[in-house]
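*Asks:* Following this line is target05.tsv, made up of TSV, C-alpha atoms:
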```tsv
chain	number	residue	atom	x	y	z
A	431	MET	CA	97.00	70.12	142.74
A	432	GLU	CA	95.77	68.76	139.38
A	433	LYS	CA	98.76	66.48	138.91
A	434	ASP	CA	98.04	64.99	142.31
A	435	ARG	CA	94.45	64.23	141.32
A	436	ILE	CA	95.53	62.58	138.07
A	437	LEU	CA	98.05	60.50	140.00
A	438	GLU	CA	95.31	59.34	142.35
A	439	LEU	CA	93.03	58.47	139.43
A	440	LEU	CA	95.79	56.58	137.64
A	441	GLU	CA	96.66	54.67	140.80
A	442	ALA	CA	93.00	53.77	141.32
A	443	ALA	CA	92.52	52.54	137.74
A	444	ASP	CA	91.88	48.84	137.09
A	445	TRP	CA	94.91	48.24	134.89
A	446	LYS	CA	94.30	44.53	134.43
A	447	GLU	CA	90.96	45.22	132.86
A	448	ILE	CA	92.26	48.19	130.91
A	449	ILE	CA	95.11	46.22	129.32
A	450	LEU	CA	92.68	43.53	128.12
A	451	ARG	CA	90.40	46.11	126.54
A	452	LEU	CA	93.22	48.20	125.13
A	453	THR	CA	95.00	45.20	123.61
A	454	HIS	CA	91.73	44.06	122.03
A	455	HIS	CA	91.38	47.52	120.53
A	456	ALA	CA	95.01	47.65	119.35
A	457	SER	CA	94.67	44.21	117.85
A	458	TRP	CA	91.62	45.15	115.79
A	459	ARG	CA	93.12	48.49	114.91
A	460	ALA	CA	96.24	46.77	113.55
A	461	ARG	CA	94.06	44.72	111.20
A	462	ARG	CA	93.01	47.90	109.43
A	463	TYR	CA	96.45	48.36	107.94
A	464	THR	CA	98.39	46.51	105.30
A	465	TRP	CA	101.69	45.85	107.03
A	466	LYS	CA	104.80	44.94	105.14
A	467	SER	CA	105.02	41.75	107.19
A	468	GLY	CA	101.57	40.79	105.93
A	469	ASN	CA	100.67	39.99	109.51
A	470	PRO	CA	98.84	42.41	111.86
A	471	ARG	CA	100.69	40.84	114.80
A	472	GLN	CA	104.09	41.64	113.30
A	473	LEU	CA	104.35	45.40	113.19
A	474	PRO	CA	107.39	47.48	112.18
A	475	GLY	CA	110.29	47.36	114.61
A	476	GLY	CA	109.28	43.92	115.83
A	477	LYS	CA	106.35	45.36	117.73
A	478	THR	CA	103.03	43.70	118.42
A	479	PRO	CA	99.62	45.26	119.12
A	480	GLU	CA	100.10	44.55	122.83
A	481	ASP	CA	103.39	46.50	122.70
A	482	ILE	CA	101.47	49.47	121.30
A	483	ALA	CA	98.90	49.13	124.09
A	484	CYS	CA	101.58	48.96	126.81
A	485	SER	CA	103.44	51.87	125.28
A	486	ALA	CA	100.26	54.00	125.34
A	487	ILE	CA	99.88	53.27	129.05
A	488	GLU	CA	103.53	54.19	129.69
A	489	LYS	CA	103.02	57.48	127.86
A	490	VAL	CA	100.01	58.40	129.96
A	491	TRP	CA	101.88	57.57	133.18
A	492	SER	CA	104.92	59.60	132.14
A	493	GLY	CA	102.78	62.52	131.00
A	494	THR	CA	104.06	62.31	127.43
A	495	ARG	CA	100.41	61.89	126.50
A	496	ASP	CA	98.86	63.74	129.40
A	497	TRP	CA	95.32	62.82	130.30
A	498	ASP	CA	92.79	65.52	131.11
A	499	PRO	CA	90.07	63.75	133.15
A	500	ASP	CA	87.85	66.83	133.14
A	501	LYS	CA	87.79	67.00	129.38
A	502	TYR	CA	87.90	63.25	128.75
A	503	PRO	CA	86.58	61.41	131.83
A	504	LYS	CA	87.08	57.90	130.46
A	505	LEU	CA	90.72	56.87	130.76
A	506	LEU	CA	90.24	53.94	128.38
A	507	THR	CA	88.89	56.25	125.67
A	508	HIS	CA	91.96	58.45	126.02
A	509	LEU	CA	94.23	55.41	125.83
A	510	MET	CA	92.44	54.09	122.75
A	511	TRP	CA	93.02	57.42	121.03
A	512	VAL	CA	96.69	57.23	121.91
A	513	VAL	CA	96.83	53.72	120.43
A	514	ASP	CA	95.07	54.90	117.26
A	515	SER	CA	97.47	57.77	116.87
A	516	ASP	CA	100.57	55.67	117.55
A	517	MET	CA	99.40	52.95	115.18
A	518	GLU	CA	98.90	55.52	112.46
A	519	HIS	CA	102.32	56.93	113.14
A	520	LEU	CA	103.88	53.49	113.05
A	521	PHE	CA	102.21	52.78	109.74
A	522	SER	CA	103.35	56.10	108.29
A	523	SER	CA	106.88	55.35	109.43
A	524	SER	CA	106.81	52.00	107.70
A	525	GLU	CA	105.52	53.70	104.57
A	526	HIS	CA	108.53	56.01	104.70
A	527	GLN	CA	110.80	53.00	104.87
A	528	LYS	CA	109.08	51.58	101.83
A	529	THR	CA	109.86	54.70	99.82
A	530	GLN	CA	113.48	54.66	101.00
A	531	LYS	CA	113.09	57.68	103.23
A	532	MET	CA	114.68	57.78	106.62
A	533	PRO	CA	112.32	56.22	109.12
A	534	THR	CA	110.89	58.60	111.67
A	535	SER	CA	110.29	57.02	114.98
A	536	ARG	CA	108.24	58.84	117.59
A	537	ASP	CA	110.64	57.82	120.29
A	538	GLU	CA	113.66	59.25	118.55
A	539	GLY	CA	113.40	62.88	119.51
A	540	GLU	CA	110.35	63.84	117.52
A	541	PRO	CA	107.95	65.85	119.67
A	542	GLU	CA	104.75	64.09	120.65
A	543	PRO	CA	101.59	65.50	119.12
A	544	SER	CA	99.35	67.20	121.61
A	545	TYR	CA	96.09	65.58	122.63
A	546	ASP	CA	94.14	67.83	120.29
A	547	GLU	CA	96.38	66.83	117.42
A	548	ILE	CA	95.31	63.21	117.69
A	549	ALA	CA	93.32	62.65	114.55
A	550	PRO	CA	89.68	61.83	115.23
A	551	ASP	CA	89.80	59.24	112.48
A	552	PRO	CA	93.32	57.91	112.12
A	553	SER	CA	92.16	55.63	109.32
A	554	LEU	CA	92.95	58.37	106.86
A	555	PRO	CA	95.73	56.96	104.71
A	556	THR	CA	99.23	58.32	104.67
A	557	TYR	CA	99.14	58.88	100.97
A	558	ASP	CA	96.24	61.27	101.49
A	559	THR	CA	98.51	63.49	103.53
A	560	GLY	CA	100.94	64.35	100.82
A	561	MET	CA	102.43	61.14	99.43
A	562	VAL	CA	102.12	60.53	95.71
A	563	LEU	CA	100.46	57.28	94.62
A	564	THR	CA	102.59	55.15	92.34
A	565	PRO	CA	101.25	52.51	89.91
A	566	GLU	CA	102.44	49.96	92.45
A	567	ASP	CA	100.33	51.66	95.13
A	568	ASP	CA	97.35	51.51	92.80
A	569	LEU	CA	97.89	47.81	92.32
A	570	VAL	CA	98.19	47.21	96.05
A	571	ALA	CA	95.06	49.28	96.65
A	572	ARG	CA	93.16	47.21	94.09
A	573	GLU	CA	94.32	44.00	95.70
A	574	ASP	CA	93.30	45.29	99.10
A	575	ARG	CA	89.91	46.28	97.77
A	576	GLU	CA	89.46	42.78	96.41
A	577	LYS	CA	90.50	41.32	99.76
A	578	GLY	CA	87.96	43.60	101.43
A	579	GLU	CA	85.20	42.39	99.13
A	580	LYS	CA	86.22	38.80	99.79
A	581	LEU	CA	86.12	39.39	103.54
A	582	LYS	CA	82.72	41.00	103.27
A	583	ASP	CA	81.43	38.00	101.31
A	584	GLU	CA	82.87	35.69	103.94
A	585	LEU	CA	81.18	37.65	106.68
A	586	TYR	CA	77.80	37.47	104.98
A	587	GLY	CA	78.31	33.78	104.34
A	588	MET	CA	79.21	33.22	107.94
A	589	VAL	CA	76.09	34.87	109.36
A	590	LYS	CA	73.72	33.43	106.77
A	591	GLY	CA	70.55	32.21	108.44
A	592	ASP	CA	71.11	34.34	111.54
A	593	GLU	CA	68.65	37.16	111.02
A	594	ASP	CA	70.02	39.30	113.81
A	595	LEU	CA	73.60	39.19	112.58
A	596	GLU	CA	72.44	39.80	109.03
A	597	LEU	CA	70.59	42.87	110.22
A	598	LEU	CA	73.70	43.98	112.10
A	599	LEU	CA	75.73	43.75	108.89
A	600	LEU	CA	73.05	45.77	107.13
A	601	CYS	CA	73.56	48.48	109.73
A	602	PHE	CA	77.25	48.54	108.74
A	603	GLU	CA	76.15	48.91	105.11
A	604	GLU	CA	74.20	51.97	106.20
A	605	GLY	CA	77.28	53.44	107.85
A	606	ILE	CA	76.03	52.80	111.38
A	607	ASP	CA	78.57	51.37	113.82
A	608	LYS	CA	77.74	52.86	117.23
A	609	PRO	CA	75.85	50.39	119.46
A	610	GLU	CA	73.37	53.05	120.59
A	611	LEU	CA	72.58	54.00	117.00
A	612	ILE	CA	72.31	50.37	115.95
A	613	ALA	CA	69.88	49.81	118.82
A	614	ALA	CA	67.85	52.82	117.77
A	615	GLN	CA	67.84	51.73	114.13
A	616	THR	CA	66.81	48.14	114.81
A	617	GLY	CA	64.64	48.62	117.88
A	618	TRP	CA	66.92	46.31	119.86
A	619	ASP	CA	68.13	46.85	123.38
A	620	VAL	CA	71.80	47.90	123.50
A	621	THR	CA	72.50	44.74	125.51
A	622	LYS	CA	71.38	42.71	122.52
A	623	VAL	CA	73.79	44.65	120.31
A	624	TYR	CA	76.61	43.77	122.71
A	625	ASN	CA	75.58	40.11	122.71
A	626	LEU	CA	75.70	40.14	118.93
A	627	LYS	CA	79.15	41.68	119.09
A	628	ARG	CA	80.32	38.78	121.25
A	629	LYS	CA	78.78	36.34	118.81
A	630	LEU	CA	80.41	38.08	115.85
A	631	LEU	CA	83.73	38.16	117.67
A	632	ARG	CA	83.72	34.38	117.98
A	633	LYS	CA	82.77	33.97	114.34
A	634	ALA	CA	85.29	36.55	113.13
A	635	ALA	CA	88.11	34.51	114.64
A	636	LYS	CA	87.42	31.94	111.94
A	637	LEU	CA	87.71	34.37	109.05
A	638	SER	CA	90.46	33.42	106.64
A	639	GLN	CA	91.39	36.97	105.75
A	640	ILE	CA	90.68	39.66	108.29
A	641	ASP	CA	93.81	41.73	108.12
A	642	GLY	CA	95.19	44.05	105.53
A	643	GLN	CA	92.11	46.15	105.09
A	644	ARG	CA	93.88	49.42	105.36
A	645	LYS	CA	93.70	50.76	101.84
A	646	TYR	CA	90.35	49.14	101.16
A	647	LEU	CA	88.91	51.02	104.12
A	648	ALA	CA	90.43	54.24	102.87
A	649	GLU	CA	89.08	53.67	99.37
A	650	GLU	CA	85.54	52.98	100.49
A	651	GLU	CA	85.44	56.19	102.50
A	652	LYS	CA	86.12	58.29	99.40
B	315	MET	CA	80.81	58.70	99.01
B	316	LYS	CA	82.29	61.11	101.51
B	317	GLY	CA	80.61	61.47	104.88
B	318	HIS	CA	79.25	57.92	104.73
B	319	LYS	CA	81.34	55.27	106.39
B	320	GLY	CA	81.71	52.12	104.36
B	321	PHE	CA	80.86	48.59	105.43
B	322	MET	CA	84.37	47.52	106.37
B	323	THR	CA	85.06	50.73	108.28
B	324	CYS	CA	81.90	50.20	110.31
B	325	PHE	CA	82.68	46.54	110.91
B	326	SER	CA	86.20	47.42	112.02
B	327	ASN	CA	85.08	50.27	114.29
B	328	PHE	CA	82.36	48.14	115.85
B	329	MET	CA	84.69	45.23	116.57
B	330	ALA	CA	87.60	47.39	117.80
B	331	ASP	CA	85.44	48.94	120.51
B	332	PRO	CA	85.64	46.68	123.59
B	333	GLU	CA	82.43	48.15	125.01
B	334	GLY	CA	79.97	45.39	125.84
B	335	LEU	CA	82.59	42.62	125.96
B	336	ASN	CA	83.39	41.01	129.29
B	337	ASN	CA	86.81	39.95	130.49
B	338	GLU	CA	86.20	36.31	129.62
B	339	ASP	CA	85.45	37.24	126.01
B	340	LEU	CA	88.56	39.36	125.84
B	341	VAL	CA	90.87	36.79	127.44
B	342	ALA	CA	89.58	34.07	125.11
B	343	GLU	CA	90.08	36.30	122.08
B	344	LEU	CA	93.58	37.38	123.04
B	345	GLU	CA	94.67	33.86	123.90
B	346	ALA	CA	93.34	32.66	120.56
B	347	GLN	CA	95.79	35.11	119.00
B	348	GLY	CA	98.62	33.55	120.96
B	349	ILE	CA	98.93	36.37	123.48
B	350	ASP	CA	100.10	35.36	126.96
B	351	VAL	CA	97.48	37.23	129.01
B	352	GLY	CA	99.22	36.51	132.32
B	353	ARG	CA	102.44	38.05	131.03
B	354	LEU	CA	100.46	41.00	129.68
B	355	GLU	CA	98.98	41.64	133.11
B	356	GLU	CA	102.45	41.47	134.66
B	357	ARG	CA	103.70	43.98	132.14
B	358	VAL	CA	100.98	46.48	132.93
B	359	GLU	CA	101.58	45.98	136.65
B	360	GLU	CA	105.27	46.81	136.17
B	361	ILE	CA	104.43	49.87	134.06
B	362	SER	CA	101.95	51.14	136.66
B	363	THR	CA	104.30	50.61	139.60
B	364	LYS	CA	107.19	52.35	137.84
B	365	GLY	CA	104.92	55.12	136.53
B	366	SER	CA	103.47	55.75	139.97
B	367	GLU	CA	106.91	55.96	141.62
B	368	GLU	CA	108.27	58.32	139.00
B	369	ARG	CA	105.20	60.50	139.07
B	370	ARG	CA	105.30	60.75	142.86
B	371	LEU	CA	108.97	61.68	142.78
B	372	ALA	CA	108.32	64.39	140.23
B	373	TRP	CA	105.38	65.68	142.22
B	374	ARG	CA	107.34	65.81	145.48
B	375	SER	CA	110.10	67.71	143.73
B	376	LEU	CA	107.57	70.23	142.47
B	377	ALA	CA	106.01	70.51	145.92
B	378	ARG	CA	109.43	71.22	147.47
B	379	GLN	CA	110.04	73.93	144.92
B	380	ARG	CA	106.68	75.54	145.64
B	381	ARG	CA	107.26	75.34	149.38
B	382	ALA	CA	110.45	77.34	148.91
B	383	GLU	CA	108.56	79.93	146.89
B	384	ILE	CA	105.92	80.31	149.62
B	385	GLU	CA	108.59	80.56	152.30
B	386	ASN	CA	110.13	83.40	150.33
B	387	MET	CA	106.74	85.08	150.20
B	388	LEU	CA	106.47	84.84	153.96
B	389	LYS	CA	109.89	86.47	154.30
B	390	SER	CA	109.10	89.18	151.78
B	391	ASN	CA	107.57	92.56	152.41
B	392	ARG	CA	104.24	91.30	151.20
B	393	ILE	CA	103.42	90.44	154.79
B	394	GLY	CA	103.52	93.83	156.32
B	395	ILE	CA	102.29	92.78	159.74
B	396	ARG	CA	103.87	91.23	162.80
B	397	ALA	CA	102.16	87.90	163.33
B	398	PRO	CA	104.98	85.54	164.38
B	399	ASN	CA	102.68	82.90	165.86
B	400	LEU	CA	100.69	82.63	162.65
B	401	GLU	CA	103.80	82.70	160.53
B	402	LYS	CA	105.18	79.88	162.65
B	403	LYS	CA	102.05	77.82	162.07
B	404	ILE	CA	102.15	78.42	158.33
B	405	LYS	CA	105.81	77.43	158.31
B	406	GLU	CA	104.95	74.22	160.11
B	407	ILE	CA	102.49	73.50	157.36
B	408	LEU	CA	105.08	74.23	154.74
B	409	GLU	CA	107.63	72.04	156.48
B	410	GLY	CA	105.38	69.13	155.84
B	411	THR	CA	103.72	68.73	159.21
B	412	TYR	CA	100.36	68.76	157.52
B	413	GLY	CA	101.20	67.35	154.16
B	414	GLN	CA	101.84	68.42	150.62
B	415	GLY	CA	98.22	69.19	149.83
B	416	ALA	CA	98.36	72.11	152.23
B	417	ILE	CA	101.22	73.59	150.26
B	418	SER	CA	99.16	73.66	147.11
B	419	TYR	CA	96.32	75.28	148.94
B	420	ALA	CA	98.56	77.86	150.57
B	421	GLU	CA	100.23	78.59	147.28
B	422	ALA	CA	96.89	79.22	145.59
B	423	TYR	CA	95.87	81.35	148.55
B	424	PHE	CA	98.92	83.57	148.31
B	425	ARG	CA	98.63	83.84	144.56
B	426	LYS	CA	95.21	85.46	144.89
B	427	ARG	CA	96.48	88.19	147.18
B	428	ASP	CA	98.85	91.06	146.54
B	429	SER	CA	99.49	91.49	150.24
B	430	VAL	CA	98.69	89.32	153.23
B	431	SER	CA	97.27	90.62	156.51
B	432	GLU	CA	97.10	88.90	159.90
B	433	LYS	CA	93.43	88.26	159.22
B	434	ASP	CA	94.36	86.63	155.92
B	435	LEU	CA	96.79	84.31	157.65
B	436	GLU	CA	94.18	83.30	160.23
B	437	SER	CA	91.69	82.74	157.48
B	438	LEU	CA	94.19	80.60	155.58
B	439	ILE	CA	94.78	78.36	158.59
B	440	GLU	CA	91.05	78.05	159.29
B	441	ASP	CA	90.36	77.16	155.69
B	442	LEU	CA	93.04	74.53	155.68
B	443	GLU	CA	91.61	72.99	158.81
B	444	ASP	CA	87.97	73.38	157.83
B	445	LEU	CA	88.57	71.75	154.48
B	446	ASN	CA	90.28	68.92	156.25
B	447	LEU	CA	93.03	69.26	153.72
B	448	LEU	CA	95.77	68.93	156.25
B	449	GLU	CA	94.71	65.60	157.62
B	450	LYS	CA	93.83	64.25	154.20
B	451	ALA	CA	97.13	65.31	152.73
B	452	SER	CA	99.18	63.95	155.60
B	453	LYS	CA	97.47	60.57	155.21
B	454	GLY	CA	98.61	60.52	151.62
B	455	GLU	CA	102.21	61.11	152.60
B	456	GLU	CA	104.60	58.25	152.71
```
How would this structure read if it were set down as structure tokens?
*Replies:*
Amino acid sequence: MEKDRILELLEAADWKEIILRLTHHASWRARRYTWKSGNPRQLPGGKTPEDIACSAIEKVWSGTRDWDPDKYPKLLTHLMWVVDSDMEHLFSSSEHQKTQKMPTSRDEGEPEPSYDEIAPDPSLPTYDTGMVLTPEDDLVAREDREKGEKLKDELYGMVKGDEDLELLLLCFEEGIDKPELIAAQTGWDVTKVYNLKRKLLRKAAKLSQIDGQRKYLAEEEK
Amino acid sequence: MKGHKGFMTCFSNFMADPEGLNNEDLVAELEAQGIDVGRLEERVEEISTKGSEERRLAWRSLARQRRAEIENMLKSNRIGIRAPNLEKKIKEILEGTYGQGAISYAEAYFRKRDSVSEKDLESLIEDLEDLNLLEKASKGEE
């Protein structure tokens, strides 16, 4: 029985490791959005990124977001997609609040999107899906863009003198973000790319402005 | 430019992917954000325990329902032969003597056949035993 097999796989999963990885992902994902609180740790409804991560795990256990291990063997990848989708939904809901519409919460009777409906790139902004930009939105977008530029400058300043990290940032300039592709582009071993990620992670913690990149990210993809 | 990810998108995607980071890196990062990692681990433990119990309950309920369906098949005219000893053995399987996994197997077996002969029943029992499904399933039972 398929359900039986999924149950066995879920019971065998290393949840302590998964929650660390999933919370890391949720935490970075939250920084992509401009939240009304101004803080990526204070999400609408009093939620935090770790709440989103825990909620994703609950949904997979309950079958609300059923996992198909044949189609998607890595449980963590499935969970990260659930987090991405839920984060996007949470952001959209908060946008509705901002425009005085009734908030729509996923847990209030709205049917869950199917796995295939999870957007491959949830960074697409809400206002691209039908909302009309107001002059205020334009202003906010401009401010976000400026913040993005400032962050980028800070990043370059931070890695100055470290040739490897500078080259890594150049890969980002080229639109390359997958470790395997970065390794291929630079001639590095993938392990080296991961080591640089760890190094960048420690440095990034010192950045003054790392959140609120949502609209900037959307703008630069146009 | 469409189709070309920008710098910040790439930076964000790269950093959000935990691949290549070890648990020490992750714990240090989360704690630096003020997250109580111990409490987080407790939370996921609670979610998993509750999720497992609920999922098992739901699964057992489904298995009981399917067992009833198979028992009805055994009573129906689809078995047009007199094979009481084999029927008895199948019923023992369905009653849980050999575990829930056997029910799934038997259900799939019956689904493939419009009618069931004595040979079919013998074959079913042999398959269940050969595949070691019965023992495996009964081990998984509470």
*Asks:* One decimal, in Å: what's the spacing between atom CA of A:Asp567 and atom CA of A:His455?
*Replies:*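 Going from atom CA of A:Asp567 over to atom CA of A:His455, I get 27.2 Å.
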*Asks:* What is the distance, in Å and to one decimal place, between atom CA of A:Glu438 and atom CA of A:Ala486?
*Replies:*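 Calculated distance between atom CA of A:Glu438 and atom CA of A:Ala486 is 18.5 Å.
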*Asks:* Provide the atom CA of B:Leu354 to atom CA of A:Asp607 distance in Å, to one decimal place.
*Replies:*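 Answer for the atom CA of B:Leu354 to atom CA of A:Asp607 separation: 29.0 Å.
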*Asks:* For a quick check of understanding, using all atoms listed in the file, which of A:Pro499, A:Gly476, A:Gly605, A:Gly468 has the smallest distance to A:Arg435?
*Replies:*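 Residue with the minimum atom-to-atom distance to A:Arg435: A:Pro499.
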*Asks:* Give me, as CSV, each residue of chain B that comes within 9 Å of chain A, together with its shortest interatomic pair and the distance in Å at one decimal, counting only C-alpha atoms, with rows ordered by chain and rising residue number.
*Replies:*
```
residue,atom,partner,partner_atom,distance
B:Met315,CA,A:Lys652,CA,5.3
B:Lys316,CA,A:Lys652,CA,5.2
B:Gly317,CA,A:Glu651,CA,7.5
B:His318,CA,A:Gly605,CA,5.8
B:Lys319,CA,A:Gly605,CA,4.7
B:Gly320,CA,A:Glu650,CA,5.5
B:Phe321,CA,A:Glu603,CA,4.7
B:Met322,CA,A:Leu647,CA,6.2
B:Thr323,CA,A:Leu647,CA,5.7
B:Cys324,CA,A:Asp607,CA,5.0
B:Phe325,CA,A:Phe602,CA,6.2
B:Ser326,CA,A:Trp458,CA,7.0
B:Asn327,CA,A:Asp607,CA,6.6
B:Phe328,CA,A:Asp607,CA,5.4
B:Met329,CA,A:Trp458,CA,7.0
B:Ala330,CA,A:His455,CA,4.7
B:Asp331,CA,A:His455,CA,6.1
B:Pro332,CA,A:Arg451,CA,5.6
B:Glu333,CA,A:Tyr624,CA,7.6
B:Gly334,CA,A:Tyr624,CA,4.9
B:Leu335,CA,A:Arg628,CA,6.5
B:Asn336,CA,A:Arg628,CA,8.9
B:Asn337,CA,A:Glu447,CA,7.1
B:Asp339,CA,A:Arg628,CA,7.2
B:Leu340,CA,A:Leu450,CA,6.3
B:Val341,CA,A:Leu450,CA,7.0
B:Glu343,CA,A:Arg632,CA,7.8
B:Leu344,CA,A:His454,CA,7.0
B:Ala346,CA,A:Ala635,CA,8.1
B:Gln347,CA,A:Arg471,CA,8.6
B:Ile349,CA,A:Glu480,CA,8.3
B:Val351,CA,A:Leu450,CA,8.0
B:Leu354,CA,A:Ile449,CA,7.5
B:Glu355,CA,A:Lys446,CA,5.7
B:Glu356,CA,A:Lys446,CA,8.7
B:Arg357,CA,A:Cys484,CA,7.6
B:Val358,CA,A:Trp445,CA,6.6
B:Glu359,CA,A:Trp445,CA,7.3
B:Ile361,CA,A:Glu488,CA,6.2
B:Ser362,CA,A:Trp491,CA,7.3
B:Thr363,CA,A:Glu441,CA,8.7
B:Lys364,CA,A:Trp491,CA,8.8
B:Gly365,CA,A:Trp491,CA,5.1
B:Ser366,CA,A:Glu441,CA,6.9
B:Glu368,CA,A:Ser492,CA,7.7
B:Arg369,CA,A:Ser492,CA,7.0
B:Arg370,CA,A:Leu437,CA,7.8
B:Trp373,CA,A:Asp434,CA,7.4
B:Gly415,CA,A:Met431,CA,7.3
B:Ser418,CA,A:Met431,CA,6.0
B:Tyr419,CA,A:Met431,CA,8.1
```
*Asks:* As a short mmCIF file (atom, residue, chain, number, x, y, z; two decimals), in the frame of the given file, please: stretch 357-372 of chain B completed to N, CA and C atoms.
*Replies:*
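Output saved as out.cif:
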```cif
data_model
loop_
_atom_site.label_atom_id
_atom_site.label_comp_id
_atom_site.auth_asym_id
_atom_site.auth_seq_id
_atom_site.Cartn_x
_atom_site.Cartn_y
_atom_site.Cartn_z
N ARG B 357 103.09 42.81 132.78
CA ARG B 357 103.70 43.98 132.14
C ARG B 357 103.03 45.28 132.58
N VAL B 358 101.70 45.25 132.58
CA VAL B 358 100.98 46.48 132.93
C VAL B 358 101.16 46.81 134.42
N GLU B 359 101.32 45.77 135.22
CA GLU B 359 101.58 45.98 136.65
C GLU B 359 102.93 46.68 136.84
N GLU B 360 103.93 46.20 136.09
CA GLU B 360 105.27 46.81 136.17
C GLU B 360 105.23 48.26 135.71
N ILE B 361 104.52 48.50 134.60
CA ILE B 361 104.43 49.87 134.06
C ILE B 361 103.76 50.79 135.08
N SER B 362 102.69 50.31 135.70
CA SER B 362 101.95 51.14 136.66
C SER B 362 102.79 51.43 137.90
N THR B 363 103.48 50.41 138.40
CA THR B 363 104.30 50.61 139.60
C THR B 363 105.41 51.63 139.33
N LYS B 364 106.09 51.44 138.21
CA LYS B 364 107.19 52.35 137.84
C LYS B 364 106.64 53.77 137.59
N GLY B 365 105.51 53.82 136.85
CA GLY B 365 104.92 55.12 136.53
C GLY B 365 104.49 55.87 137.78
N SER B 366 103.93 55.13 138.72
CA SER B 366 103.47 55.75 139.97
C SER B 366 104.66 56.31 140.76
N GLU B 367 105.72 55.50 140.86
CA GLU B 367 106.91 55.96 141.62
C GLU B 367 107.50 57.22 140.99
N GLU B 368 107.65 57.18 139.68
CA GLU B 368 108.27 58.32 139.00
C GLU B 368 107.41 59.57 139.10
N ARG B 369 106.11 59.36 139.00
CA ARG B 369 105.20 60.50 139.07
C ARG B 369 105.19 61.11 140.47
N ARG B 370 105.26 60.26 141.49
CA ARG B 370 105.30 60.75 142.86
C ARG B 370 106.59 61.52 143.13
N LEU B 371 107.68 61.00 142.61
CA LEU B 371 108.97 61.68 142.78
C LEU B 371 108.92 63.08 142.16
N ALA B 372 108.39 63.12 140.94
CA ALA B 372 108.32 64.39 140.23
C ALA B 372 107.42 65.37 140.97
#
```
